[in-house]
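Enquirer: Sharing a structure, written as structure tokens. Questions coming.
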Amino acid sequence: MNAYQASLAIRERLSQSAPGNADWMRDLSVSYGKIGNLEADQGDFANALQSYRGDCAIAEQLAKAEPDDLRARHDLAVSNARLGSTLKKVGQLDEARQRLSAARAVLAPMVEQHPDRPQWKDDLAVLDRDIAALNRMNASSTGP
């Protein structure tokens, strides 16, 4: 964690010195994601959510700035998926569904346009499974 936090501090300084540098902003986003992964693995979901939100905010900016950049779009899908999965774990089901659906909305057209990317197909299948599970949970909680 110390190494990730030190890396994050460096990336924050770099990205603040040149906010238009997409590579440095992506590095910052990745740092937030890695820290979030570690926090989630340790069961620190409150901080993981905060880290994932930072990751997602930057990924959204980068994908919006370069809508044809496949890496930026994939990063956005992954960021939303991680955030959605963590929200599900803490019981924030409506926002989890929104984030997972946002990830799907980004990834589905990419899979259609690039059928040669089997990992993307797998990622889309996982999103579909997770969204369906949330929908079943919602249906069972509202009941007849």
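Ordering of the structure tokens sets the chain letters (A, B, ...), residue numbers begin anew at 1 in every chain, and ligands are numbered from 1 in the order given.
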Using only C-alpha atoms, determine which residues lie at most 6 Å from region 99-103 of chain A, disregarding the query and same-chain residues fewer than 4 positions distant; provide the list as an MDAnalysis selection string.
Expert: chainID A and resid 77 80:81 84
Enquirer: Let's have the selection written as an mmCIF file, in the first residue's frame, with N, CA and C atoms.
Expert:
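Output file selection_17.cif follows:
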data_model
loop_
_atom_site.group_PDB
_atom_site.id
_atom_site.type_symbol
_atom_site.label_atom_id
_atom_site.label_comp_id
_atom_site.auth_asym_id
_atom_site.auth_seq_id
_atom_site.Cartn_x
_atom_site.Cartn_y
_atom_site.Cartn_z
ATOM 1 N N ALA A 77 -15.006 1.469 -19.009
ATOM 2 C CA ALA A 77 -15.857 0.315 -18.722
ATOM 3 C C ALA A 77 -15.347 -0.441 -17.495
ATOM 4 N N ASN A 80 -15.981 1.597 -14.245
ATOM 5 C CA ASN A 80 -17.382 1.517 -13.826
ATOM 6 C C ASN A 80 -17.722 0.139 -13.284
ATOM 7 N N ALA A 81 -17.178 -0.903 -13.904
ATOM 8 C CA ALA A 81 -17.457 -2.269 -13.438
ATOM 9 C C ALA A 81 -16.910 -2.501 -12.033
ATOM 10 N N GLY A 84 -19.064 -0.546 -9.650
ATOM 11 C CA GLY A 84 -20.366 -1.202 -9.505
ATOM 12 C C GLY A 84 -20.297 -2.468 -8.671
#
Enquirer: Identify, on the basis of only C-alpha atoms, every residue whose closest approach to region 48-51 of chain A does not exceed 6 Å; exclude the query and any residue fewer than 4 positions from it along the same chain; express the result as a list in words.
Expert: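 That gives Tyr32, Gly36, Glu39 and Ala40 of chain A.
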Enquirer: Write out, as a PDB file, in the first residue's frame, the residues just selected, with N, CA and C atoms.
Expert:
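In the end it all went to result_31.pdb:
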ATOM      1  N   TYR A  32      -5.284   5.090  -8.807  1.00  0.00           N
ATOM      2  CA  TYR A  32      -6.490   5.026  -7.978  1.00  0.00           C
ATOM      3  C   TYR A  32      -7.104   3.626  -8.033  1.00  0.00           C
ATOM      4  N   GLY A  36      -7.580   1.080  -4.958  1.00  0.00           N
ATOM      5  CA  GLY A  36      -8.929   0.574  -4.689  1.00  0.00           C
ATOM      6  C   GLY A  36      -8.971  -0.939  -4.643  1.00  0.00           C
ATOM      7  N   GLU A  39      -7.471  -1.996  -1.338  1.00  0.00           N
ATOM      8  CA  GLU A  39      -8.389  -1.679  -0.241  1.00  0.00           C
ATOM      9  C   GLU A  39      -9.563  -2.663  -0.230  1.00  0.00           C
ATOM     10  N   ALA A  40     -10.103  -2.968  -1.403  1.00  0.00           N
ATOM     11  CA  ALA A  40     -11.222  -3.911  -1.483  1.00  0.00           C
ATOM     12  C   ALA A  40     -10.780  -5.303  -1.031  1.00  0.00           C
TER      13      ALA A  40
END
Enquirer: Taking only C-alpha atoms into account, name the residue in A:Gly43, A:Pro115, A:Leu83, A:Val78 that is nearest to Gln98 (chain A).
Expert: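 Among A:Gly43, A:Pro115, A:Leu83, A:Val78, it is A:Leu83 that comes nearest to Gln98 (chain A).
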Enquirer: Just the residues within 12 Å of region 133-138 of chain A, please, counting only C-alpha atoms, with nothing from its chain fewer than 2 positions along; format it as a PDB file with N, CA and C atoms, in the first residue's frame.
Expert:
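What landed in out_19.pdb:
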ATOM      1  N   GLY A  84     -19.064  -0.546  -9.650  1.00  0.00           N
ATOM      2  CA  GLY A  84     -20.366  -1.202  -9.505  1.00  0.00           C
ATOM      3  C   GLY A  84     -20.297  -2.468  -8.671  1.00  0.00           C
ATOM      4  N   SER A  85     -19.287  -3.271  -8.880  1.00  0.00           N
ATOM      5  CA  SER A  85     -19.145  -4.507  -8.110  1.00  0.00           C
ATOM      6  C   SER A  85     -18.940  -4.221  -6.629  1.00  0.00           C
ATOM      7  N   LEU A  87     -19.916  -1.446  -5.049  1.00  0.00           N
ATOM      8  CA  LEU A  87     -21.180  -0.910  -4.541  1.00  0.00           C
ATOM      9  C   LEU A  87     -22.152  -2.043  -4.219  1.00  0.00           C
ATOM     10  N   LYS A  88     -22.161  -3.067  -5.051  1.00  0.00           N
ATOM     11  CA  LYS A  88     -23.022  -4.229  -4.791  1.00  0.00           C
ATOM     12  C   LYS A  88     -22.634  -4.891  -3.471  1.00  0.00           C
ATOM     13  N   LYS A  89     -21.336  -5.021  -3.228  1.00  0.00           N
ATOM     14  CA  LYS A  89     -20.871  -5.668  -1.995  1.00  0.00           C
ATOM     15  C   LYS A  89     -21.313  -4.928  -0.741  1.00  0.00           C
ATOM     16  N   GLY A  91     -24.073  -3.130  -0.565  1.00  0.00           N
ATOM     17  CA  GLY A  91     -25.526  -3.012  -0.535  1.00  0.00           C
ATOM     18  C   GLY A  91     -26.108  -1.785  -1.210  1.00  0.00           C
ATOM     19  N   GLN A  92     -25.309  -1.041  -1.935  1.00  0.00           N
ATOM     20  CA  GLN A  92     -25.809   0.129  -2.665  1.00  0.00           C
ATOM     21  C   GLN A  92     -26.213  -0.331  -4.071  1.00  0.00           C
ATOM     22  N   LEU A  93     -27.333  -1.050  -4.111  1.00  0.00           N
ATOM     23  CA  LEU A  93     -27.707  -1.802  -5.296  1.00  0.00           C
ATOM     24  C   LEU A  93     -28.139  -0.927  -6.467  1.00  0.00           C
ATOM     25  N   ASP A  94     -28.851   0.162  -6.210  1.00  0.00           N
ATOM     26  CA  ASP A  94     -29.287   1.014  -7.319  1.00  0.00           C
ATOM     27  C   ASP A  94     -28.092   1.637  -8.038  1.00  0.00           C
ATOM     28  N   GLU A  95     -27.160   2.183  -7.265  1.00  0.00           N
ATOM     29  CA  GLU A  95     -25.984   2.779  -7.892  1.00  0.00           C
ATOM     30  C   GLU A  95     -25.095   1.696  -8.523  1.00  0.00           C
ATOM     31  N   ALA A  96     -25.052   0.528  -7.894  1.00  0.00           N
ATOM     32  CA  ALA A  96     -24.289  -0.577  -8.479  1.00  0.00           C
ATOM     33  C   ALA A  96     -24.840  -0.919  -9.859  1.00  0.00           C
ATOM     34  N   ARG A  97     -26.159  -1.016  -9.966  1.00  0.00           N
ATOM     35  CA  ARG A  97     -26.793  -1.319 -11.246  1.00  0.00           C
ATOM     36  C   ARG A  97     -26.488  -0.227 -12.265  1.00  0.00           C
ATOM     37  N   GLN A  98     -26.524   1.025 -11.830  1.00  0.00           N
ATOM     38  CA  GLN A  98     -26.223   2.139 -12.740  1.00  0.00           C
ATOM     39  C   GLN A  98     -24.795   2.045 -13.265  1.00  0.00           C
ATOM     40  N   ARG A  99     -23.852   1.757 -12.394  1.00  0.00           N
ATOM     41  CA  ARG A  99     -22.441   1.693 -12.805  1.00  0.00           C
ATOM     42  C   ARG A  99     -22.180   0.492 -13.712  1.00  0.00           C
ATOM     43  N   LEU A 100     -22.766  -0.652 -13.361  1.00  0.00           N
ATOM     44  CA  LEU A 100     -22.574  -1.831 -14.199  1.00  0.00           C
ATOM     45  C   LEU A 100     -23.232  -1.626 -15.567  1.00  0.00           C
ATOM     46  N   SER A 101     -24.387  -0.983 -15.577  1.00  0.00           N
ATOM     47  CA  SER A 101     -25.059  -0.692 -16.848  1.00  0.00           C
ATOM     48  C   SER A 101     -24.260   0.309 -17.672  1.00  0.00           C
ATOM     49  N   VAL A 126     -19.672 -11.161 -18.140  1.00  0.00           N
ATOM     50  CA  VAL A 126     -19.650 -10.972 -16.680  1.00  0.00           C
ATOM     51  C   VAL A 126     -20.567  -9.816 -16.291  1.00  0.00           C
ATOM     52  N   LEU A 127     -20.510  -8.729 -17.039  1.00  0.00           N
ATOM     53  CA  LEU A 127     -21.397  -7.602 -16.755  1.00  0.00           C
ATOM     54  C   LEU A 127     -22.861  -8.018 -16.879  1.00  0.00           C
ATOM     55  N   ASP A 128     -23.191  -8.747 -17.937  1.00  0.00           N
ATOM     56  CA  ASP A 128     -24.573  -9.199 -18.119  1.00  0.00           C
ATOM     57  C   ASP A 128     -25.018 -10.077 -16.955  1.00  0.00           C
ATOM     58  N   ARG A 129     -24.128 -10.970 -16.516  1.00  0.00           N
ATOM     59  CA  ARG A 129     -24.450 -11.845 -15.384  1.00  0.00           C
ATOM     60  C   ARG A 129     -24.679 -11.029 -14.112  1.00  0.00           C
ATOM     61  N   ASP A 130     -23.802 -10.043 -13.866  1.00  0.00           N
ATOM     62  CA  ASP A 130     -23.913  -9.243 -12.643  1.00  0.00           C
ATOM     63  C   ASP A 130     -25.153  -8.352 -12.662  1.00  0.00           C
ATOM     64  N   ILE A 131     -25.469  -7.790 -13.812  1.00  0.00           N
ATOM     65  CA  ILE A 131     -26.679  -6.960 -13.921  1.00  0.00           C
ATOM     66  C   ILE A 131     -27.921  -7.819 -13.717  1.00  0.00           C
ATOM     67  N   SER A 140     -36.787  -9.824  -6.110  1.00  0.00           N
ATOM     68  CA  SER A 140     -37.122 -10.595  -4.916  1.00  0.00           C
ATOM     69  C   SER A 140     -37.339  -9.694  -3.708  1.00  0.00           C
ATOM     70  N   SER A 141     -36.686  -8.523  -3.682  1.00  0.00           N
ATOM     71  CA  SER A 141     -36.873  -7.627  -2.525  1.00  0.00           C
ATOM     72  C   SER A 141     -38.176  -6.853  -2.618  1.00  0.00           C
ATOM     73  N   THR A 142     -38.677  -6.622  -3.831  1.00  0.00           N
ATOM     74  CA  THR A 142     -39.944  -5.917  -3.966  1.00  0.00           C
ATOM     75  C   THR A 142     -41.102  -6.883  -3.816  1.00  0.00           C
ATOM     76  N   GLY A 143     -40.876  -8.137  -4.205  1.00  0.00           N
ATOM     77  CA  GLY A 143     -41.850  -9.211  -3.990  1.00  0.00           C
ATOM     78  C   GLY A 143     -43.222  -8.937  -4.537  1.00  0.00           C
ATOM     79  N   PRO A 144     -44.110  -9.935  -4.386  1.00  0.00           N
ATOM     80  CA  PRO A 144     -45.488  -9.790  -4.893  1.00  0.00           C
ATOM     81  C   PRO A 144     -46.337  -8.955  -3.974  1.00  0.00           C
TER      82      PRO A 144
END
Enquirer: Which of these residues is nearest to Trp120 (chain A), using only C-alpha atoms: A:Leu70, A:Ala139, A:Ala132, A:Ala57?
Expert: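 Checking each candidate against Trp120 (chain A), we get A:Leu70 as the closest.
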